Amino acid sequence: MNAALFAQAVVIALAVAWAAWFAFRRLLPKTYRRLLSHAVAAFDRPSAPRWLREYARRAQPTSTSGGSCGDGCSTCGGCAAAAKPTVEAQPLVFRPRAPK
Amino acid sequence: MNALVESPRIALVGNPNSGKTALFNRLTGSQQKVANYAGVTVERKEGRFVAPSGRTLRLLDLPGAYSLDAASPDEAITRDICEGRYPGEPAPDLIVCVADATNLRLHLRFVLEVKRLGRPMVLALNMMDAARKRGIRIDVAALSDALGVPVVETIAVQRGGAAALVEHLDRSVAAVATAPSLPDSGDAAVEADLHAQVRAALAAAVTMPRATSTVDDALDRIVLHPIGGLAILAAVMFLIFQAVFSWAAPLQDAVGAGVGAAGAWIGGLLESMPLLHSLVTDGIFAGLGTVLEFLPQILILFLFILMLEESGYLPRAAFLLDRLMFKAGLTGRSFIPLLSSFACAIPGIMATRSIQDPRDRLTTILVAPLMTCSARLPVYTLLIGAFIPRQTVLGLFNLQGVVLFTLYFAGIVSALAVAWVIKRLRRDRSEHALLMELPSYRLPNPRDVAIGLWERAKIFLRRVTGIILALTVLLWFLSSFPAPPEGATLPPIDYSLAGRIGRWMEHVFAPIGFNWQICIALIPGLAAREVAVSSLATVYAMSAVGEDAIAAELGTAIAAQWSLATALSLLAWYVFAPQCMSTLAVIRRETNSWRNVGVAAGYLFALAYLASFVTYQIARALT
């Protein structure tokens, strides 16, 4: 494999890896956060080097409700509408009608 | 961080459409959505600003409420926060009760109700400019005496229009820390009759030449006419879709030419690196460039929606359609959530929180995905542009615009039909009267409209450079590997993983006329509907051999390779198909039920397949 072909393969591998990571993070945010938490816990242990522990703490996922979407789903962050506000769920609650 | 947590917390409360969010935006510099109708804010929003004294104040923008006796989920949030019963949220240190100065007869009742909570508060008389224009004179000092609370004037939509309020808050929060106010100890008999107190306060401090605006009355006589009003509504909607096609064409061509030139230039630089060249031209430029061309159409659609929102016309439309919507099993209250769904089903589903009856709310949630969201616009316009000739009908109308209008109309009719079936299934005979406030008409503020359009453009570009780019790169990879075997004669995509998946799916979708390329595009389209367009562009770019490269010419390619029946079938599919995982996720969250998600996804897929099948078979028989 010549150098040019190798460089192409590296760039493409990086682009595809980024795309896979981005899509996974956006489409499965809860799973992403759970996996990230496990990874962080594995690195953030007393026997690990200090720099690794600091890095792990910084990478710790926040406990926010999800992506950057301010309008509701908080799952993929790819939907329309402005971000920022915190979102609280308002599940439907059914109450039986009073007997007539 | 601790200093921020300890900052005084101020809550903005008031009747719906009193301008709380406009005031919130004015104070915090935020750009939360505002519109001229009740029920835009359905959740708590938080911001902060620095007062002249240097003190940081935290500001809560709460959903509008007519009473603390909450009748809907959004009103319950306001009640709970004001009463200090909201989980994880202590009671605010100070309440700013925002009232529309042109409609104090309605708004002051809630002010008095909030006053009874006994918390420090101030009344912000908002829209004072509109009140003055109508000749309404308010003696602020007399009103303050009559109500027993401080009163300040504000004009939330004007620069500096909240200066008096900021100054008052700066002084008040300092005093609050040392001297908390006590519950009002007025005459109990008078307190029991809030309406009597409102009348007394109005008599003491307010002079109104007329209860309503003469302009509003004159316009309402025309716009709310049972027949003429509906004709005007239909004409407005028709005009919007005509404009989407007619006005966008030159802009769309310019964007397309720009993307094509950039693609050719970068492609030329990568000529010696075939794999990278393919990723950039066949993947990124063919995919993203095709989607990017639809930005002008999306912005023109939103220009109209934003102007209608600002004008105060939309609640009138809800009023006009109430009878029809009631017959279909919905209420006029469903109109605003359904209208919001034209932008995106997610805010539409969230907006159903303003619907009091849980059954009506569930029905509205289930039919909201049938409204044509802006993400479907690229798919519609791509297919219409490729298959419907650009010609004038009846000497006036653009045929492509007529077809687009028909597709939007099909979504609306389907939503009404599904709601009617749901009502029959649940044997609901109950009637829910529509009580809706009709706001004053207002000329749209160009700055607000421009900000709204800028926000929409940013959202679209964020999607293009985010999830759409990521999925396009992944699709390119799946369409390129594994490489074709030695001596292969077909385009490489036929041997790739994506090609094989498409061929396998083709068996299921052949009865509705979908080829394997469309089948491939359906999968990434689940993440975001526009991705179907970028995916088709990538797949067709990868399928092109040698000189047939079609980077930004997807329309030409599908016009040459698809039958009219297939195009119509795909259009019918997109009217119904629940191809948006985010929408299903928000249905799960708002209904707290996987069953409702299953019902929504199941009926939408069934309808999509059925509609496509019927469309394809009939079109094939006729052509």
# chains A, B, ... in the order shown; residues from 1 in each chain; ligands from 1

call {"tool": "interface_residues", "arguments": {"of": "chain B", "to": "chain A", "cutoff": "7 Å", "atoms": "only C-alpha atoms", "output": "list of chain:residue names"}}
result
B:Glu43, B:Lys45, B:Glu46, B:Pro73, B:Leu275, B:Leu276, B:Cys344, B:Ile346, B:Pro347, B:Met350, B:Pro358, B:Ile459, B:Arg463, B:Ile467, B:Ala470, B:Leu471, B:Val473, B:Leu474, B:Ser582, B:Ala585, B:Val586, B:Arg589, B:Glu590, B:Thr591, B:Asn592

call {"tool": "residues_around", "arguments": {"residues": "Ala42 in chain A", "least_positions_apart": "3", "cutoff": "12 Å", "atoms": "only C-alpha atoms", "output": "list of chain:residue names"}}
result
A:Leu35, A:Leu36, A:Ser37, A:His38, A:Ala39, A:Arg45, A:Pro46, A:Ser47, A:Ala48, A:Leu52, A:Arg53, A:Tyr55, A:Ala56, A:Arg57, A:Gln60

call {"tool": "write_last_selection", "arguments": {"atoms": "all heavy atoms", "output": "compact mmCIF listing (two decimals), in the first residue's frame"}}
result
# COMPACT_ATOMS: atom_id res chain seq x y z
N LEU A 35 -23.03 3.96 28.57
CA LEU A 35 -21.73 3.38 28.19
C LEU A 35 -20.58 4.30 28.61
O LEU A 35 -19.56 3.85 29.11
CB LEU A 35 -21.68 3.12 26.69
CG LEU A 35 -22.58 1.98 26.19
CD1 LEU A 35 -22.47 1.85 24.68
CD2 LEU A 35 -22.18 0.66 26.84
N LEU A 36 -20.81 5.60 28.42
CA LEU A 36 -19.77 6.56 28.78
C LEU A 36 -19.53 6.53 30.30
O LEU A 36 -18.37 6.59 30.76
CB LEU A 36 -20.18 7.96 28.32
CG LEU A 36 -19.10 9.04 28.42
CD1 LEU A 36 -17.86 8.66 27.62
CD2 LEU A 36 -19.64 10.38 27.92
N SER A 37 -20.61 6.41 31.05
CA SER A 37 -20.46 6.34 32.52
C SER A 37 -19.63 5.13 32.92
O SER A 37 -18.77 5.21 33.81
CB SER A 37 -21.83 6.25 33.18
OG SER A 37 -22.52 7.42 32.98
N HIS A 38 -19.92 3.97 32.26
CA HIS A 38 -19.16 2.75 32.58
C HIS A 38 -17.68 2.95 32.26
O HIS A 38 -16.81 2.58 33.05
CB HIS A 38 -19.70 1.57 31.77
CG HIS A 38 -21.02 1.08 32.26
ND1 HIS A 38 -21.32 0.94 33.60
CD2 HIS A 38 -22.15 0.71 31.60
CE1 HIS A 38 -22.55 0.50 33.74
NE2 HIS A 38 -23.09 0.36 32.54
N ALA A 39 -17.43 3.57 31.10
CA ALA A 39 -16.04 3.79 30.69
C ALA A 39 -15.33 4.72 31.67
O ALA A 39 -14.19 4.46 32.08
CB ALA A 39 -16.01 4.37 29.28
N ARG A 45 -10.32 5.23 38.79
CA ARG A 45 -10.11 4.39 39.97
C ARG A 45 -8.75 4.74 40.59
O ARG A 45 -7.88 5.30 39.90
CB ARG A 45 -10.19 2.90 39.60
CG ARG A 45 -9.29 2.51 38.49
CD ARG A 45 -9.64 1.13 37.95
NE ARG A 45 -9.19 0.96 36.59
CZ ARG A 45 -7.94 0.71 36.22
NH1 ARG A 45 -7.00 0.57 37.12
NH2 ARG A 45 -7.60 0.60 34.95
N PRO A 46 -8.58 4.44 41.87
CA PRO A 46 -7.38 4.91 42.59
C PRO A 46 -6.08 4.51 41.94
O PRO A 46 -5.09 5.26 41.99
CB PRO A 46 -7.52 4.27 43.98
CG PRO A 46 -8.98 3.97 44.11
CD PRO A 46 -9.50 3.71 42.75
N SER A 47 -6.05 3.34 41.31
CA SER A 47 -4.77 2.89 40.75
C SER A 47 -4.42 3.56 39.42
O SER A 47 -3.30 3.42 38.94
CB SER A 47 -4.81 1.36 40.56
OG SER A 47 -5.89 1.04 39.71
N ALA A 48 -5.38 4.26 38.83
CA ALA A 48 -5.13 4.87 37.52
C ALA A 48 -4.27 6.12 37.66
O ALA A 48 -4.27 6.76 38.73
CB ALA A 48 -6.46 5.23 36.87
N LEU A 52 -5.22 10.49 33.88
CA LEU A 52 -6.32 9.69 33.32
C LEU A 52 -7.59 9.89 34.15
O LEU A 52 -8.71 9.99 33.62
CB LEU A 52 -5.92 8.22 33.29
CG LEU A 52 -6.88 7.28 32.56
CD1 LEU A 52 -7.03 7.67 31.10
CD2 LEU A 52 -6.42 5.83 32.66
N ARG A 53 -7.39 9.97 35.46
CA ARG A 53 -8.55 10.16 36.35
C ARG A 53 -9.18 11.53 36.11
O ARG A 53 -10.40 11.67 36.07
CB ARG A 53 -8.12 10.04 37.81
CG ARG A 53 -7.64 8.65 38.17
CD ARG A 53 -7.47 8.49 39.64
NE ARG A 53 -8.76 8.53 40.33
CZ ARG A 53 -8.90 8.49 41.64
NH1 ARG A 53 -7.84 8.42 42.40
NH2 ARG A 53 -10.10 8.53 42.18
N TYR A 55 -9.03 13.24 33.36
CA TYR A 55 -9.70 13.20 32.05
C TYR A 55 -11.04 12.49 32.17
O TYR A 55 -12.06 12.94 31.61
CB TYR A 55 -8.80 12.49 31.04
CG TYR A 55 -9.43 12.39 29.67
CD1 TYR A 55 -9.47 13.50 28.84
CD2 TYR A 55 -10.01 11.19 29.25
CE1 TYR A 55 -10.08 13.42 27.59
CE2 TYR A 55 -10.61 11.11 28.00
CZ TYR A 55 -10.64 12.22 27.18
OH TYR A 55 -11.24 12.14 25.95
N ALA A 56 -11.08 11.39 32.90
CA ALA A 56 -12.30 10.61 33.07
C ALA A 56 -13.38 11.46 33.75
O ALA A 56 -14.56 11.42 33.38
CB ALA A 56 -12.01 9.36 33.89
N ARG A 57 -12.97 12.24 34.75
CA ARG A 57 -13.94 13.08 35.47
C ARG A 57 -14.52 14.14 34.53
O ARG A 57 -15.70 14.45 34.58
CB ARG A 57 -13.29 13.74 36.67
CG ARG A 57 -13.23 12.80 37.85
CD ARG A 57 -12.53 13.42 39.02
NE ARG A 57 -12.10 12.39 39.94
CZ ARG A 57 -11.11 12.50 40.79
NH1 ARG A 57 -10.42 13.62 40.83
NH2 ARG A 57 -10.79 11.53 41.59
N GLN A 60 -17.12 12.73 32.24
CA GLN A 60 -18.34 12.22 32.90
C GLN A 60 -19.58 12.87 32.28
O GLN A 60 -19.69 14.09 32.23
CB GLN A 60 -18.28 12.57 34.39
CG GLN A 60 -19.47 12.11 35.21
CD GLN A 60 -19.43 10.61 35.47
OE1 GLN A 60 -18.38 10.04 35.71
NE2 GLN A 60 -20.58 9.99 35.39

call {"tool": "atom_distance", "arguments": {"atom1": "CA of Val403 in chain B", "atom2": "CA of Thr615 in chain B"}}
result
14.7 Å

call {"tool": "residues_around", "arguments": {"residues": "range 33-41 of chain B", "least_positions_apart": "6", "cutoff": "7 Å", "atoms": "only C-alpha atoms", "output": "list in words"}}
result
Pro16, Asn17, Thr21, Ala22, Pro63, Gly64, Glu309, Glu310, Ser311, Gly312, Pro315, Ser354 and Pro439 of chain B

call {"tool": "closest_residue", "arguments": {"among": "B:Leu194, B:Leu568, B:Gly148, B:Gln158", "to": "Leu27 in chain B", "atoms": "only C-alpha atoms"}}
result
B:Gln158

call {"tool": "residues_around", "arguments": {"residues": "Leu622 in chain B", "least_positions_apart": "6", "cutoff": "12 Å", "atoms": "only C-alpha atoms", "output": "JSON, numbers by chain"}}
result
{"B": [563, 564, 565, 615, 616]}

call {"tool": "residues_around", "arguments": {"residues": "His107 in chain B", "least_positions_apart": "4", "cutoff": "12 Å", "atoms": "only C-alpha atoms", "output": "VMD selection string"}}
result
chain B and resid 13 to 19 64 to 67 97 to 103 111 to 114 123 to 126 194 to 195 198 to 199 201 to 202 437

call {"tool": "write_last_selection", "arguments": {"atoms": "N, CA and C atoms", "output": "compact mmCIF listing (two decimals), in the first residue's frame"}}
result
# COMPACT_ATOMS: atom_id res chain seq x y z
N VAL B 13 -45.33 35.42 35.86
CA VAL B 13 -46.60 34.72 35.73
C VAL B 13 -47.63 35.69 35.14
N GLY B 14 -48.76 35.13 34.75
CA GLY B 14 -49.81 35.98 34.20
C GLY B 14 -50.72 35.19 33.28
N ASN B 15 -51.75 35.83 32.79
CA ASN B 15 -52.66 35.18 31.85
C ASN B 15 -51.89 34.84 30.57
N PRO B 16 -52.37 33.86 29.82
CA PRO B 16 -51.73 33.58 28.53
C PRO B 16 -51.75 34.81 27.63
N ASN B 17 -50.73 34.92 26.81
CA ASN B 17 -50.61 36.00 25.82
C ASN B 17 -50.54 37.40 26.45
N SER B 18 -49.99 37.48 27.65
CA SER B 18 -49.82 38.80 28.25
C SER B 18 -48.42 39.36 27.96
N GLY B 19 -47.57 38.55 27.34
CA GLY B 19 -46.24 39.04 26.96
C GLY B 19 -45.15 38.62 27.93
N GLY B 64 -48.61 30.46 30.79
CA GLY B 64 -49.73 31.33 31.14
C GLY B 64 -50.84 30.56 31.85
N ALA B 65 -51.53 31.24 32.75
CA ALA B 65 -52.63 30.58 33.48
C ALA B 65 -53.74 31.60 33.72
N TYR B 66 -54.96 31.14 33.59
CA TYR B 66 -56.10 32.03 33.88
C TYR B 66 -56.43 32.00 35.36
N SER B 67 -55.98 30.93 36.03
CA SER B 67 -56.29 30.80 37.45
C SER B 67 -55.28 29.87 38.09
N CYS B 97 -46.11 39.63 38.15
CA CYS B 97 -47.36 39.25 37.50
C CYS B 97 -47.52 40.16 36.28
N VAL B 98 -47.51 39.56 35.09
CA VAL B 98 -47.57 40.35 33.86
C VAL B 98 -49.03 40.40 33.40
N ALA B 99 -49.50 41.63 33.13
CA ALA B 99 -50.89 41.78 32.68
C ALA B 99 -50.91 42.61 31.41
N ASP B 100 -51.81 42.24 30.50
CA ASP B 100 -52.00 42.99 29.26
C ASP B 100 -52.80 44.25 29.60
N ALA B 101 -52.17 45.42 29.40
CA ALA B 101 -52.81 46.68 29.80
C ALA B 101 -54.06 46.98 28.98
N THR B 102 -54.22 46.29 27.84
CA THR B 102 -55.42 46.54 27.04
C THR B 102 -56.58 45.64 27.47
N ASN B 103 -56.31 44.72 28.37
CA ASN B 103 -57.33 43.73 28.73
C ASN B 103 -57.34 43.48 30.24
N VAL B 111 -54.18 38.45 38.85
CA VAL B 111 -53.24 39.23 39.68
C VAL B 111 -53.67 39.14 41.15
N LEU B 112 -54.96 39.31 41.37
CA LEU B 112 -55.46 39.27 42.75
C LEU B 112 -55.33 37.87 43.34
N GLU B 113 -55.50 36.89 42.49
CA GLU B 113 -55.35 35.51 42.97
C GLU B 113 -53.91 35.25 43.41
N VAL B 114 -52.96 35.73 42.60
CA VAL B 114 -51.54 35.55 42.94
C VAL B 114 -51.21 36.33 44.22
N LEU B 123 -46.73 44.07 39.87
CA LEU B 123 -47.54 43.93 38.66
C LEU B 123 -46.87 44.70 37.53
N ALA B 124 -46.58 43.99 36.43
CA ALA B 124 -46.02 44.65 35.24
C ALA B 124 -47.17 44.87 34.26
N LEU B 125 -47.50 46.13 34.04
CA LEU B 125 -48.55 46.46 33.08
C LEU B 125 -47.91 46.48 31.70
N ASN B 126 -48.05 45.39 30.99
CA ASN B 126 -47.37 45.25 29.71
C ASN B 126 -48.24 45.78 28.56
N LEU B 194 -63.31 38.15 43.77
CA LEU B 194 -62.21 38.77 43.03
C LEU B 194 -62.73 39.67 41.92
N HIS B 195 -63.84 39.26 41.32
CA HIS B 195 -64.38 40.06 40.23
C HIS B 195 -64.81 41.43 40.72
N VAL B 198 -61.79 43.49 41.06
CA VAL B 198 -61.30 43.94 39.76
C VAL B 198 -62.12 45.14 39.29
N ARG B 199 -63.43 45.03 39.41
CA ARG B 199 -64.28 46.14 38.97
C ARG B 199 -63.95 47.42 39.74
N ALA B 201 -61.10 48.20 41.20
CA ALA B 201 -59.78 48.72 40.80
C ALA B 201 -59.87 49.43 39.46
N LEU B 202 -60.62 48.84 38.52
CA LEU B 202 -60.77 49.46 37.21
C LEU B 202 -61.47 50.81 37.32
N GLU B 437 -59.15 32.85 24.02
CA GLU B 437 -59.04 34.31 23.98
C GLU B 437 -58.59 34.74 22.57

call {"tool": "select_by_dssp", "arguments": {"residues": "range 369-609 of chain B", "states": "alpha helix (DSSP H)", "output": "PyMOL selection string"}}
result
chain B and resi 377-387+399-425+446-463+469-480+497-509+516-522+531-543+554-561+564-576+581-591+594-609

call {"tool": "atom_distance", "arguments": {"atom1": "CA of Leu399 in chain B", "atom2": "CA of Phe576 in chain B"}}
result
22.6 Å
